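Raw structure-v8.txt, compact mmCIF, C-alpha atoms:
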# COMPACT_ATOMS: atom_id res chain seq x y z
CA MET M 1 24.42 7.00 -20.40
CA LYS M 2 21.52 7.79 -18.13
CA ASN M 3 19.00 10.48 -19.02
CA TYR M 4 16.59 12.23 -16.69
CA THR M 5 13.80 14.70 -16.59
CA MET M 6 12.03 16.47 -13.78
CA TYR M 7 8.27 16.42 -13.28
CA GLN M 8 6.59 18.91 -10.94
CA SER M 9 3.83 17.05 -9.09
CA SER M 10 1.44 17.84 -6.27
CA ILE M 11 3.88 16.11 -3.88
CA GLY M 12 6.91 18.00 -5.19
CA GLU M 13 9.64 17.48 -7.76
CA ILE M 14 9.94 13.99 -9.21
CA TYR M 15 13.05 13.04 -11.16
CA VAL M 16 12.58 10.23 -13.66
CA VAL M 17 15.70 8.40 -14.85
CA ALA M 18 16.03 6.25 -17.96
CA GLU M 19 18.87 4.04 -19.16
CA ASN M 20 18.98 1.69 -22.16
CA ASP M 21 15.27 2.11 -22.98
CA TYR M 22 14.13 1.37 -19.42
CA ILE M 23 12.94 3.51 -16.54
CA VAL M 24 15.49 2.72 -13.82
CA ALA M 25 14.62 5.18 -11.07
CA LEU M 26 12.09 7.69 -9.87
CA HIS M 27 13.34 10.10 -7.20
CA ILE M 28 10.98 12.17 -5.09
CA GLY M 29 12.77 15.43 -4.36
CA ASN M 30 16.08 16.95 -5.39
CA GLU M 31 17.94 15.60 -2.36
CA ASP M 32 17.11 11.96 -3.18
CA PHE M 33 18.05 12.56 -6.82
CA LEU M 34 21.44 14.09 -5.98
CA GLU M 35 22.25 11.41 -3.39
CA SER M 36 21.35 8.53 -5.69
CA GLU M 37 22.60 9.57 -9.12
CA LYS M 38 26.39 9.64 -8.85
CA VAL M 39 27.29 8.45 -12.36
CA GLU M 40 27.22 10.46 -15.56
CA ILE M 41 23.67 11.58 -16.28
CA GLN M 42 22.20 14.20 -18.58
CA LYS M 43 18.96 16.11 -18.55
CA ASN M 44 16.88 15.23 -21.58
CA SER M 45 13.25 16.30 -21.39
CA LYS M 46 12.74 15.23 -25.03
CA HIS M 47 13.73 11.59 -24.46
CA PRO M 48 10.69 9.60 -25.74
CA LEU M 49 10.57 7.20 -22.78
CA LEU M 50 10.91 10.02 -20.26
CA MET M 51 8.16 11.95 -22.04
CA GLN M 52 5.94 8.85 -21.82
CA ALA M 53 6.73 8.50 -18.09
CA VAL M 54 5.90 12.17 -17.44
CA GLN M 55 2.61 11.79 -19.31
CA GLN M 56 1.69 8.73 -17.22
CA LEU M 57 2.67 10.51 -13.99
CA ASP M 58 0.54 13.47 -15.02
CA GLU M 59 -2.40 11.12 -15.65
CA TYR M 60 -1.81 9.42 -12.27
CA PHE M 61 -1.74 12.70 -10.34
CA SER M 62 -4.88 13.92 -12.13
CA GLY M 63 -6.72 10.70 -11.22
CA GLN M 64 -6.94 9.38 -14.78
CA ARG M 65 -4.34 6.56 -14.50
CA LYS M 66 -4.45 3.64 -12.09
CA ASP M 67 -1.62 1.50 -13.50
CA PHE M 68 1.65 2.37 -15.17
CA ASP M 69 2.69 0.86 -18.47
CA LEU M 70 6.41 1.54 -18.75
CA PRO M 71 9.43 -0.68 -19.39
CA LEU M 72 11.14 -0.96 -16.01
CA GLN M 73 14.55 -2.23 -15.03
CA GLU M 74 14.66 -3.08 -11.36
CA GLN M 75 17.90 -3.96 -9.67
CA GLY M 76 17.76 -5.84 -6.40
CA THR M 77 18.09 -9.18 -4.70
CA VAL M 78 15.80 -12.10 -5.47
CA PHE M 79 13.92 -11.33 -2.24
CA GLN M 80 13.50 -7.64 -3.13
CA THR M 81 12.32 -8.52 -6.64
CA ASN M 82 9.73 -10.91 -5.19
CA VAL M 83 8.48 -8.16 -2.89
CA TRP M 84 8.34 -5.59 -5.70
CA ASN M 85 6.44 -8.01 -7.94
CA GLU M 86 3.90 -8.46 -5.13
CA LEU M 87 3.58 -4.68 -4.72
CA LYS M 88 2.61 -4.38 -8.39
CA LYS M 89 -0.42 -6.59 -7.66
CA ILE M 90 -1.88 -4.19 -5.07
CA PRO M 91 -4.81 -2.43 -6.76
CA TYR M 92 -5.00 1.35 -7.03
CA GLY M 93 -6.74 2.81 -3.99
CA LYS M 94 -6.20 -0.31 -1.86
CA THR M 95 -3.74 -0.98 0.92
CA VAL M 96 -2.20 -4.12 2.39
CA SER M 97 -0.09 -4.66 5.48
CA TYR M 98 3.57 -5.61 5.60
CA GLN M 99 2.36 -8.92 7.04
CA ASP M 100 0.07 -9.42 4.04
CA VAL M 101 3.02 -8.98 1.66
CA ALA M 102 5.18 -11.36 3.72
CA THR M 103 2.43 -13.97 3.61
CA ALA M 104 1.89 -13.48 -0.13
CA ILE M 105 5.55 -14.17 -0.90
CA GLY M 106 5.55 -17.22 1.37
CA ASN M 107 7.77 -15.81 4.11
CA THR M 108 5.53 -14.85 7.04
CA LYS M 109 8.46 -13.95 9.31
CA ALA M 110 9.88 -11.39 6.86
CA VAL M 111 7.73 -8.42 7.90
CA ARG M 112 10.71 -6.16 8.73
CA ALA M 113 12.52 -7.29 5.58
CA ILE M 114 9.44 -6.26 3.55
CA GLY M 115 9.92 -2.75 4.94
CA GLN M 116 13.58 -2.79 3.91
CA ALA M 117 12.68 -4.01 0.40
CA ASN M 118 10.16 -1.18 0.13
CA LYS M 119 12.84 1.28 1.19
CA ALA M 120 15.17 -0.12 -1.52
CA ASN M 121 12.50 0.34 -4.22
CA LYS M 122 13.97 2.76 -6.78
CA LEU M 123 10.64 3.10 -8.59
CA PRO M 124 8.18 4.45 -5.99
CA ILE M 125 4.68 5.32 -7.22
CA ILE M 126 5.19 3.10 -10.29
CA VAL M 127 5.97 0.13 -8.03
CA PRO M 128 3.48 1.18 -5.35
CA CYS M 129 5.27 0.67 -2.03
CA HIS M 130 3.11 3.50 -0.64
CA ARG M 131 0.17 1.06 -0.58
CA VAL M 132 1.81 -1.00 2.18
CA ILE M 133 0.78 0.15 5.64
CA GLY M 134 0.74 -1.14 9.20
CA LYS M 135 -1.49 -4.06 10.19
CA ASP M 136 -3.53 -1.59 12.28
CA GLN M 137 -4.11 0.58 9.15
CA SER M 138 -1.60 3.19 10.34
CA LEU M 139 0.95 4.78 8.08
CA THR M 140 4.48 3.65 8.73
CA GLY M 141 7.77 4.51 7.04
CA TYR M 142 8.04 5.80 3.51
CA ALA M 143 11.31 6.75 1.85
CA GLY M 144 12.87 6.78 5.27
CA THR M 145 11.09 9.55 7.18
CA GLN M 146 8.69 10.86 4.55
CA VAL M 147 5.42 9.36 5.75
CA HIS M 148 3.65 12.54 4.63
CA LEU M 149 4.35 11.51 1.01
CA LYS M 150 2.73 8.13 1.58
CA GLU M 151 -0.28 9.92 3.05
CA GLN M 152 -0.55 12.26 0.06
CA LEU M 153 -0.30 9.41 -2.47
CA LEU M 154 -2.92 7.34 -0.65
CA GLU M 155 -5.22 10.38 -0.50
CA ILE M 156 -4.84 10.87 -4.27
CA GLU M 157 -5.97 7.25 -4.68
CA GLY M 158 -8.80 7.53 -2.15
CA ALA M 159 -7.36 4.70 -0.03
CA LEU M 160 -8.44 4.11 3.55
CA PHE M 161 -5.90 4.38 6.37
CA LYS M 162 -5.55 5.74 9.90
CA LYS M 163 -4.10 9.21 10.38
I need this file expressed as structure tokens, please.
Amino acid sequence: MKNYTMYQSSIGEIYVVAENDYIVALHIGNEDFLESEKVEIQKNSKHPLLMQAVQQLDEYFSGQRKDFDLPLQEQGTVFQTNVWNELKKIPYGKTVSYQDVATAIGNTKAVRAIGQANKANKLPIIVPCHRVIGKDQSLTGYAGTQVHLKEQLLEIEGALFKK
């Protein structure tokens, strides 16, 4: 059974989902949560792992946390997992381009596929896909059409980018 809790952040409601002692998803906004969580799920704000996740999110949004330390269970292809592992290496407050990620995983022609792997990331913020921007430092795609969220997260971190 999946459990979830809702955290009210400066970028809106964040739904954190846990299953079998792992964080399995983080949804920004009610719409994403309702679209993604179709199986049986119960609200449980007292779940120890969810409480830990909320505390770490609170520390992140207040500028006190730069890295998350939570047990994660990511589900994706080998390619997506490679991309997500590379995203975890991007330091707080720094940005890289989609091309940089493609090069880092040894597949320089996969720039568009990097974008699709970012879109498939079920653990945004924790697995920092918001730190990947255009080669020209411009903000491009985030959670589909929510570039404003990427901008807000990068501003929290003090990262440089083009508006």
If you take all atoms listed in the file and a cut-off of 12 Å, which residues of stretch 113-133 of chain M touch stretch 28-43 of chain M, and what are their nearest atom pairs and distances in Å to one decimal, in chain and number order, as a Markdown table?
| residue | atom | partner | partner_atom | distance |
| --- | --- | --- | --- | --- |
| M:Ala120 | CA | M:Ser36 | CA | 11.4 |
| M:Asn121 | CA | M:Ile28 | CA | 12.0 |
| M:Lys122 | CA | M:Ser36 | CA | 9.4 |
| M:Leu123 | CA | M:Ile28 | CA | 9.7 |
| M:Pro124 | CA | M:Ile28 | CA | 8.3 |
| M:Ile125 | CA | M:Ile28 | CA | 9.5 |
| M:Ile126 | CA | M:Ile28 | CA | 12.0 |
Can you tell me which residues surround stretch 10-23 of chain M at a distance of at most 7 Å, considering all atoms listed in the file, apart from same-chain residues fewer than 6 positions away, and format the answer as a list of chain:residue names? M:Met1, M:Lys2, M:Asn3, M:Tyr4, M:Gly29, M:Asn30, M:Phe33, M:Leu49, M:Leu50, M:Pro71, M:Leu72, M:Gln73, M:Leu149
Which distance in Å separates atom CA of M:Trp84 and atom CA of M:Asn44, to one decimal? 27.5 Å
Mind giving me the straight-line distance from atom CA of M:Glu157 to atom CA of M:Gly93 in Å, one decimal? 4.6 Å
If the box runs along x, y and z of the file and leaves 6 Å on each side of stretch 31-43 of chain M, what are its centre and edge lengths in Å, one decimal, as JSON?
{"center_x": 22.2, "center_y": 12.3, "center_z": -10.5, "size_x": 22.2, "size_y": 19.7, "size_z": 28.2}
Around the point (-2.4, 6.9, 10.6) in the file's coordinates, collect all residues with an atom within 12 Å, using all atoms listed in the file, and return them as a PyMOL selection string. chain M and resi 133-141+147-148+150-152+154-155+159-163
Determine the nearest neighbour of M:Val54 from the options M:Tyr7, M:Tyr98, M:His27, M:Pro91, counting only C-alpha atoms.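 Nearest candidate to M:Val54 out of M:Tyr7, M:Tyr98, M:His27, M:Pro91: M:Tyr7.
We find atom CA of M:Gln99 and atom CA of M:Phe79 to be spaced 15.0 Å apart.
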At a cut-off of 6 Å around the point (-0.8, -3.3, 1.1) (file coordinates), what residues fall inside when counting all atoms listed in the file? I'd like the answer as a list in words.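 Residues close enough to count: Thr95, Val96, Ser97, Arg131, Val132 and Ile133 of chain M.
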Nearest to M:Ile90, restricted to all atoms listed in the file and choosing among M:Pro128, M:Ile105, M:Met6, M:Glu59, comes out as M:Pro128
Given the choices M:Lys89, M:Asn118, M:Gly106, M:Ser9, which gets closest to M:Asp58 if the distance is worked out from all atoms listed in the file? M:Ser9
Hey, which of M:Ile114, M:Gln55, M:Gln8, M:Val78 ends up closest to M:Asp100? Count only C-alpha atoms. M:Ile114
Smallest atom-to-atom distance to M:Lys46: which of M:Thr5, M:Arg112, M:Phe61, M:Asn85, using all atoms listed in the file?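 Smallest distance to M:Lys46 is found for M:Thr5.
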